[in-house]
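Below is one structure; the comments refer to it alone.
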Amino acid sequence: MLTCQEVIDYLSAYVARELPPDEQTAMERHLAVCPPCVNFLKTFRTTLAVARSSKRLPTEEELPEELVRAVLAARQRSSS
Amino acid sequence: MAVIETDTFDETALVAQLQRGDAEAFETLVRQHGGRMLAVARRMLGDEHAAQDAVQDAFLAAFRALGEFGGQSQLSTWLHRIVVNASLMKLRTRKRKPECSLESLLPRFLEDGHQAEPATPWTVSAETACESEEIRRLVRECIDSLPEIFRTVLVLRDLEQVPTEEAARLLDVTESVVKTRLHRARLALRGLIDRRLQGASPC
C-alpha cells in the first residue's frame, strides 16, 4: 500500500494520467480508503483549475499609451 | 473559415509592411499585440515596471528579428515566445524580493508517511473559485509570493501553457527538473491557497 506521502508525490503525474497502469491502480487503491488524501486531491485539482483561470484577470491586457509611445520611440532610436 | 482567411491575409500583408520597415505597420503591431504581451509579462514578473520594460525589450527584439520571421507560425505565437524570453531575461537580472521558503509551504508528513496535518475540504467548489474574480486575484497573489524559481515554472507551464520540453530549454534545466519543480510549485500554491482560505498568514 502506498503511503500518503507517496500519493502526494505522484499527484501531478496522476492527474495528468502519466503513471503506468499498476501505479495508477495503486493510487486509486489508496484513495479509496484515505479521506485526507481525497481532500488533498480535490483541493489540488481546484488549485490547478483556479491557477489556469487566474490567467484571465480583467484590465490585465490594457496597454498604457505611454508604453506604446516608449516602444515607438525606442524603435526610432534603434533604426536611426 | 472566411474570417481565418481574412486574418491570415491581413497578417501576411502586415508582415510584408513590417519587413519593409513601415513605421505605421509597427505601430499597428504594437497596438494589436502589446496588451496581450504586457499581460504575459505581468504574469511572469508580477511587477508593473519590470513588465513594461520587458514588453519594450520584446518589441525591440521583434523589430530586429522581423527579417527572420518567415510566417511559419502566427505573429501572436512568435511574439508570445519573444516576450516570455524577454521576461526571463529580466528575472535573471533583477534583485530577488524576500519570499516565503518553499519548505514552509509544502505538506508535511509523519514518519509513517501519513499527512501531518490531514487535508480538509475547501468550502468553495472549483467552478465557483474559477468564476470568482476575488478568488482569481487571491490566487494570483499567492502565485506571486512563491519563491521565484518555482513561480517561473508554474507560470510558464500552467498559465502560459509552454510545453515541458520548451520550458526546460528556456530555463536551461532538464525536463525532469521542470516536472519536479512544477509539482512542488503546485503543492506550495495549494498550501498557500489553503492558508488564505482559512484566514491564516501566508508564510
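Within each chain, counting starts at residue 1; across the C-alpha cells, chains are named A, B, ... in the order shown, with ligands numbered 1 upward in that order.
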Distance filter 9 Å, only C-alpha atoms, chain A against chain B, as a PyMOL selection string: chain A and resi 2-6+8-13+35-40+42-58+60-64+67-68+70-72+74-76+78
Shell around B:Glu166 at 10 Å using only C-alpha atoms, local window under 2 positions removed, as a ChimeraX atom specification: /B:156-157,162-164,168-172,175,178
Could you turn the residues from that selection into a file that holds N, CA, C and O atoms, as a PDB file, in the first residue's frame?
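Wrote it out as part.pdb, contents follow:
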ATOM      1  N   LEU B 156       5.031  29.482 -16.471  1.00  0.00           N
ATOM      2  CA  LEU B 156       5.309  29.000 -17.833  1.00  0.00           C
ATOM      3  C   LEU B 156       4.413  27.822 -18.201  1.00  0.00           C
ATOM      4  O   LEU B 156       3.776  27.821 -19.253  1.00  0.00           O
ATOM      5  N   ARG B 157       4.334  26.826 -17.312  1.00  0.00           N
ATOM      6  CA  ARG B 157       3.617  25.593 -17.663  1.00  0.00           C
ATOM      7  C   ARG B 157       2.095  25.740 -17.500  1.00  0.00           C
ATOM      8  O   ARG B 157       1.350  25.396 -18.387  1.00  0.00           O
ATOM      9  N   VAL B 162       3.317  26.672 -21.819  1.00  0.00           N
ATOM     10  CA  VAL B 162       4.534  26.329 -22.554  1.00  0.00           C
ATOM     11  C   VAL B 162       4.809  24.841 -22.293  1.00  0.00           C
ATOM     12  O   VAL B 162       4.789  24.415 -21.142  1.00  0.00           O
ATOM     13  N   PRO B 163       5.039  24.028 -23.355  1.00  0.00           N
ATOM     14  CA  PRO B 163       5.273  22.592 -23.134  1.00  0.00           C
ATOM     15  C   PRO B 163       6.529  22.338 -22.281  1.00  0.00           C
ATOM     16  O   PRO B 163       7.456  23.159 -22.288  1.00  0.00           O
ATOM     17  N   THR B 164       6.541  21.205 -21.581  1.00  0.00           N
ATOM     18  CA  THR B 164       7.672  20.856 -20.693  1.00  0.00           C
ATOM     19  C   THR B 164       9.014  20.998 -21.406  1.00  0.00           C
ATOM     20  O   THR B 164       9.964  21.571 -20.865  1.00  0.00           O
ATOM     21  N   ALA B 168      11.990  23.552 -20.380  1.00  0.00           N
ATOM     22  CA  ALA B 168      13.312  23.051 -19.981  1.00  0.00           C
ATOM     23  C   ALA B 168      14.400  23.795 -20.755  1.00  0.00           C
ATOM     24  O   ALA B 168      15.413  24.207 -20.192  1.00  0.00           O
ATOM     25  N   ARG B 169      14.147  24.004 -22.036  1.00  0.00           N
ATOM     26  CA  ARG B 169      15.139  24.697 -22.870  1.00  0.00           C
ATOM     27  C   ARG B 169      15.275  26.156 -22.424  1.00  0.00           C
ATOM     28  O   ARG B 169      16.390  26.657 -22.254  1.00  0.00           O
ATOM     29  N   LEU B 170      14.148  26.815 -22.189  1.00  0.00           N
ATOM     30  CA  LEU B 170      14.188  28.227 -21.783  1.00  0.00           C
ATOM     31  C   LEU B 170      14.888  28.416 -20.437  1.00  0.00           C
ATOM     32  O   LEU B 170      15.580  29.398 -20.223  1.00  0.00           O
ATOM     33  N   LEU B 171      14.669  27.462 -19.525  1.00  0.00           N
ATOM     34  CA  LEU B 171      15.226  27.609 -18.176  1.00  0.00           C
ATOM     35  C   LEU B 171      16.598  26.951 -18.056  1.00  0.00           C
ATOM     36  O   LEU B 171      17.226  27.018 -17.001  1.00  0.00           O
ATOM     37  N   ASP B 172      17.018  26.281 -19.136  1.00  0.00           N
ATOM     38  CA  ASP B 172      18.305  25.602 -19.166  1.00  0.00           C
ATOM     39  C   ASP B 172      18.411  24.543 -18.059  1.00  0.00           C
ATOM     40  O   ASP B 172      19.397  24.487 -17.322  1.00  0.00           O
ATOM     41  N   GLU B 175      14.138  18.207 -18.458  1.00  0.00           N
ATOM     42  CA  GLU B 175      12.672  18.091 -18.382  1.00  0.00           C
ATOM     43  C   GLU B 175      12.253  17.545 -17.022  1.00  0.00           C
ATOM     44  O   GLU B 175      11.213  17.927 -16.484  1.00  0.00           O
ATOM     45  N   VAL B 178      12.078  20.315 -14.599  1.00  0.00           N
ATOM     46  CA  VAL B 178      10.850  21.104 -14.818  1.00  0.00           C
ATOM     47  C   VAL B 178       9.671  20.409 -14.124  1.00  0.00           C
ATOM     48  O   VAL B 178       8.898  21.042 -13.404  1.00  0.00           O
TER      49      VAL B 178
END
A:Thr25 environment, 12 Å, only C-alpha atoms, sequence neighbours closer than 6 positions dropped, as a ChimeraX atom specification: /A:1-2,7,14,17,19,31-32
Per-residue DSSP, stretch 26-75 of chain A, filtered to alpha helix (DSSP H), as an MDAnalysis selection string: chainID A and resid 26:33 35:53 65:75
Export of prior selection with C-alpha atoms as an mmCIF file, in the first residue's frame:
data_model
loop_
_atom_site.group_PDB
_atom_site.id
_atom_site.type_symbol
_atom_site.label_atom_id
_atom_site.label_comp_id
_atom_site.auth_asym_id
_atom_site.auth_seq_id
_atom_site.Cartn_x
_atom_site.Cartn_y
_atom_site.Cartn_z
ATOM 1 C CA ALA A 26 -2.110 1.669 -6.542
ATOM 2 C CA MET A 27 -3.041 5.363 -6.256
ATOM 3 C CA GLU A 28 -6.733 4.556 -6.637
ATOM 4 C CA ARG A 29 -6.490 1.814 -4.027
ATOM 5 C CA HIS A 30 -5.023 4.275 -1.505
ATOM 6 C CA LEU A 31 -7.556 6.993 -2.382
ATOM 7 C CA ALA A 32 -10.420 4.536 -1.866
ATOM 8 C CA VAL A 33 -9.570 4.228 1.838
ATOM 9 C CA PRO A 35 -10.321 10.601 3.068
ATOM 10 C CA PRO A 36 -7.472 13.105 3.822
ATOM 11 C CA CYS A 37 -5.783 12.162 0.525
ATOM 12 C CA VAL A 38 -9.119 12.510 -1.306
ATOM 13 C CA ASN A 39 -9.427 16.006 0.237
ATOM 14 C CA PHE A 40 -5.860 16.730 -0.817
ATOM 15 C CA LEU A 41 -6.524 15.519 -4.381
ATOM 16 C CA LYS A 42 -9.709 17.628 -4.684
ATOM 17 C CA THR A 43 -8.043 20.790 -3.399
ATOM 18 C CA PHE A 44 -5.021 20.064 -5.637
ATOM 19 C CA ARG A 45 -7.296 19.823 -8.702
ATOM 20 C CA THR A 46 -9.054 23.051 -7.667
ATOM 21 C CA THR A 47 -5.627 24.698 -7.331
ATOM 22 C CA LEU A 48 -4.718 23.724 -10.912
ATOM 23 C CA ALA A 49 -8.063 24.915 -12.264
ATOM 24 C CA VAL A 50 -8.010 28.229 -10.462
ATOM 25 C CA ALA A 51 -4.333 28.841 -11.363
ATOM 26 C CA ARG A 52 -5.293 28.405 -15.030
ATOM 27 C CA SER A 53 -8.311 30.666 -14.622
ATOM 28 C CA GLU A 65 -0.449 54.838 -24.074
ATOM 29 C CA GLU A 66 2.936 55.839 -22.527
ATOM 30 C CA LEU A 67 4.216 52.325 -23.185
ATOM 31 C CA VAL A 68 3.116 52.480 -26.839
ATOM 32 C CA ARG A 69 4.941 55.798 -27.197
ATOM 33 C CA ALA A 70 8.047 54.469 -25.415
ATOM 34 C CA VAL A 71 8.171 51.424 -27.716
ATOM 35 C CA LEU A 72 7.750 53.563 -30.855
ATOM 36 C CA ALA A 73 10.455 55.980 -29.666
ATOM 37 C CA ALA A 74 12.825 53.110 -28.875
ATOM 38 C CA ARG A 75 12.266 51.684 -32.361
#
Contacts of B:Ala16 at 12 Å (only C-alpha atoms; same-chain gap of 2+ positions) as a list in words: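 Residues near the query, excluding close chain neighbours: Phe9, Asp10, Glu11, Thr12, Ala13, Leu14, Leu18, Gln19, Arg20, Gly21, Asp22, Ala25, Phe26, Leu66, Gly67, Glu68, Phe69, Gly70 and Gly71 of chain B.
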Residue nearest B:Asp47 among B:Leu75, B:Val83, B:Leu197, B:Leu91 (counting only C-alpha atoms): B:Leu91
Residues near B:Arg94, cut-off 12 Å, only C-alpha atoms, skip fewer than 3 positions along chain, as a PyMOL selection string: chain B and resi 45+47+49-51+53-54+87-91+97+148
Can I get the selection written as a PDB file, in the first residue's frame, with N, CA, C and O atoms?
ATOM      1  N   LEU B  45       6.334  38.436 -14.257  1.00  0.00           N
ATOM      2  CA  LEU B  45       7.192  39.265 -13.408  1.00  0.00           C
ATOM      3  C   LEU B  45       6.482  39.782 -12.164  1.00  0.00           C
ATOM      4  O   LEU B  45       7.139  40.133 -11.188  1.00  0.00           O
ATOM      5  N   ASP B  47       5.259  42.520 -11.566  1.00  0.00           N
ATOM      6  CA  ASP B  47       5.716  43.868 -11.242  1.00  0.00           C
ATOM      7  C   ASP B  47       5.497  44.728 -12.488  1.00  0.00           C
ATOM      8  O   ASP B  47       5.991  44.404 -13.565  1.00  0.00           O
ATOM      9  N   HIS B  49       6.392  47.787 -13.486  1.00  0.00           N
ATOM     10  CA  HIS B  49       7.505  48.494 -14.114  1.00  0.00           C
ATOM     11  C   HIS B  49       8.370  47.516 -14.931  1.00  0.00           C
ATOM     12  O   HIS B  49       8.675  47.758 -16.102  1.00  0.00           O
ATOM     13  N   ALA B  50       8.730  46.399 -14.299  1.00  0.00           N
ATOM     14  CA  ALA B  50       9.550  45.389 -14.977  1.00  0.00           C
ATOM     15  C   ALA B  50       8.797  44.818 -16.183  1.00  0.00           C
ATOM     16  O   ALA B  50       9.390  44.549 -17.236  1.00  0.00           O
ATOM     17  N   ALA B  51       7.469  44.653 -16.030  1.00  0.00           N
ATOM     18  CA  ALA B  51       6.670  44.071 -17.121  1.00  0.00           C
ATOM     19  C   ALA B  51       6.692  45.006 -18.338  1.00  0.00           C
ATOM     20  O   ALA B  51       6.870  44.565 -19.477  1.00  0.00           O
ATOM     21  N   ASP B  53       8.994  47.220 -19.054  1.00  0.00           N
ATOM     22  CA  ASP B  53      10.355  47.142 -19.606  1.00  0.00           C
ATOM     23  C   ASP B  53      10.522  45.915 -20.495  1.00  0.00           C
ATOM     24  O   ASP B  53      11.128  45.980 -21.562  1.00  0.00           O
ATOM     25  N   ALA B  54       9.999  44.781 -20.001  1.00  0.00           N
ATOM     26  CA  ALA B  54      10.144  43.528 -20.752  1.00  0.00           C
ATOM     27  C   ALA B  54       9.426  43.635 -22.097  1.00  0.00           C
ATOM     28  O   ALA B  54       9.925  43.152 -23.121  1.00  0.00           O
ATOM     29  N   SER B  87      10.979  38.412 -20.582  1.00  0.00           N
ATOM     30  CA  SER B  87      10.630  38.392 -19.160  1.00  0.00           C
ATOM     31  C   SER B  87      11.626  37.529 -18.382  1.00  0.00           C
ATOM     32  O   SER B  87      12.017  37.875 -17.269  1.00  0.00           O
ATOM     33  N   LEU B  88      12.021  36.391 -18.984  1.00  0.00           N
ATOM     34  CA  LEU B  88      13.006  35.535 -18.305  1.00  0.00           C
ATOM     35  C   LEU B  88      14.335  36.274 -18.134  1.00  0.00           C
ATOM     36  O   LEU B  88      14.995  36.150 -17.102  1.00  0.00           O
ATOM     37  N   MET B  89      14.720  37.057 -19.143  1.00  0.00           N
ATOM     38  CA  MET B  89      15.964  37.840 -19.050  1.00  0.00           C
ATOM     39  C   MET B  89      15.875  38.820 -17.876  1.00  0.00           C
ATOM     40  O   MET B  89      16.816  38.982 -17.111  1.00  0.00           O
ATOM     41  N   LYS B  90      14.719  39.471 -17.760  1.00  0.00           N
ATOM     42  CA  LYS B  90      14.509  40.419 -16.647  1.00  0.00           C
ATOM     43  C   LYS B  90      14.600  39.698 -15.302  1.00  0.00           C
ATOM     44  O   LYS B  90      15.178  40.208 -14.350  1.00  0.00           O
ATOM     45  N   LEU B  91      14.007  38.493 -15.242  1.00  0.00           N
ATOM     46  CA  LEU B  91      14.028  37.729 -13.991  1.00  0.00           C
ATOM     47  C   LEU B  91      15.453  37.399 -13.575  1.00  0.00           C
ATOM     48  O   LEU B  91      15.793  37.412 -12.406  1.00  0.00           O
ATOM     49  N   LYS B  97      13.017  39.519  -4.412  1.00  0.00           N
ATOM     50  CA  LYS B  97      12.245  40.035  -3.279  1.00  0.00           C
ATOM     51  C   LYS B  97      12.324  38.990  -2.172  1.00  0.00           C
ATOM     52  O   LYS B  97      12.540  37.819  -2.437  1.00  0.00           O
ATOM     53  N   GLU B 148      10.907  32.411  -6.462  1.00  0.00           N
ATOM     54  CA  GLU B 148      10.975  32.728  -7.889  1.00  0.00           C
ATOM     55  C   GLU B 148      11.139  31.527  -8.836  1.00  0.00           C
ATOM     56  O   GLU B 148      10.453  31.435  -9.842  1.00  0.00           O
TER      57      GLU B 148
END
Distance of atom CA of B:Ala65 from atom CA of B:Leu79, expressed in Å to one decimal place: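 Result for atom CA of B:Leu79 versus atom CA of B:Ala65: 10.7 Å, one decimal.
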Between atom CA of B:Thr152 and atom CA of B:Glu103 - distance in Å to one decimal: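 Computing the Euclidean distance for atom CA of B:Glu103 and atom CA of B:Thr152 yields 17.0 Å.
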Distance in Å - atom CA of B:Thr93 versus atom CA of B:Leu106: 27.4 Å
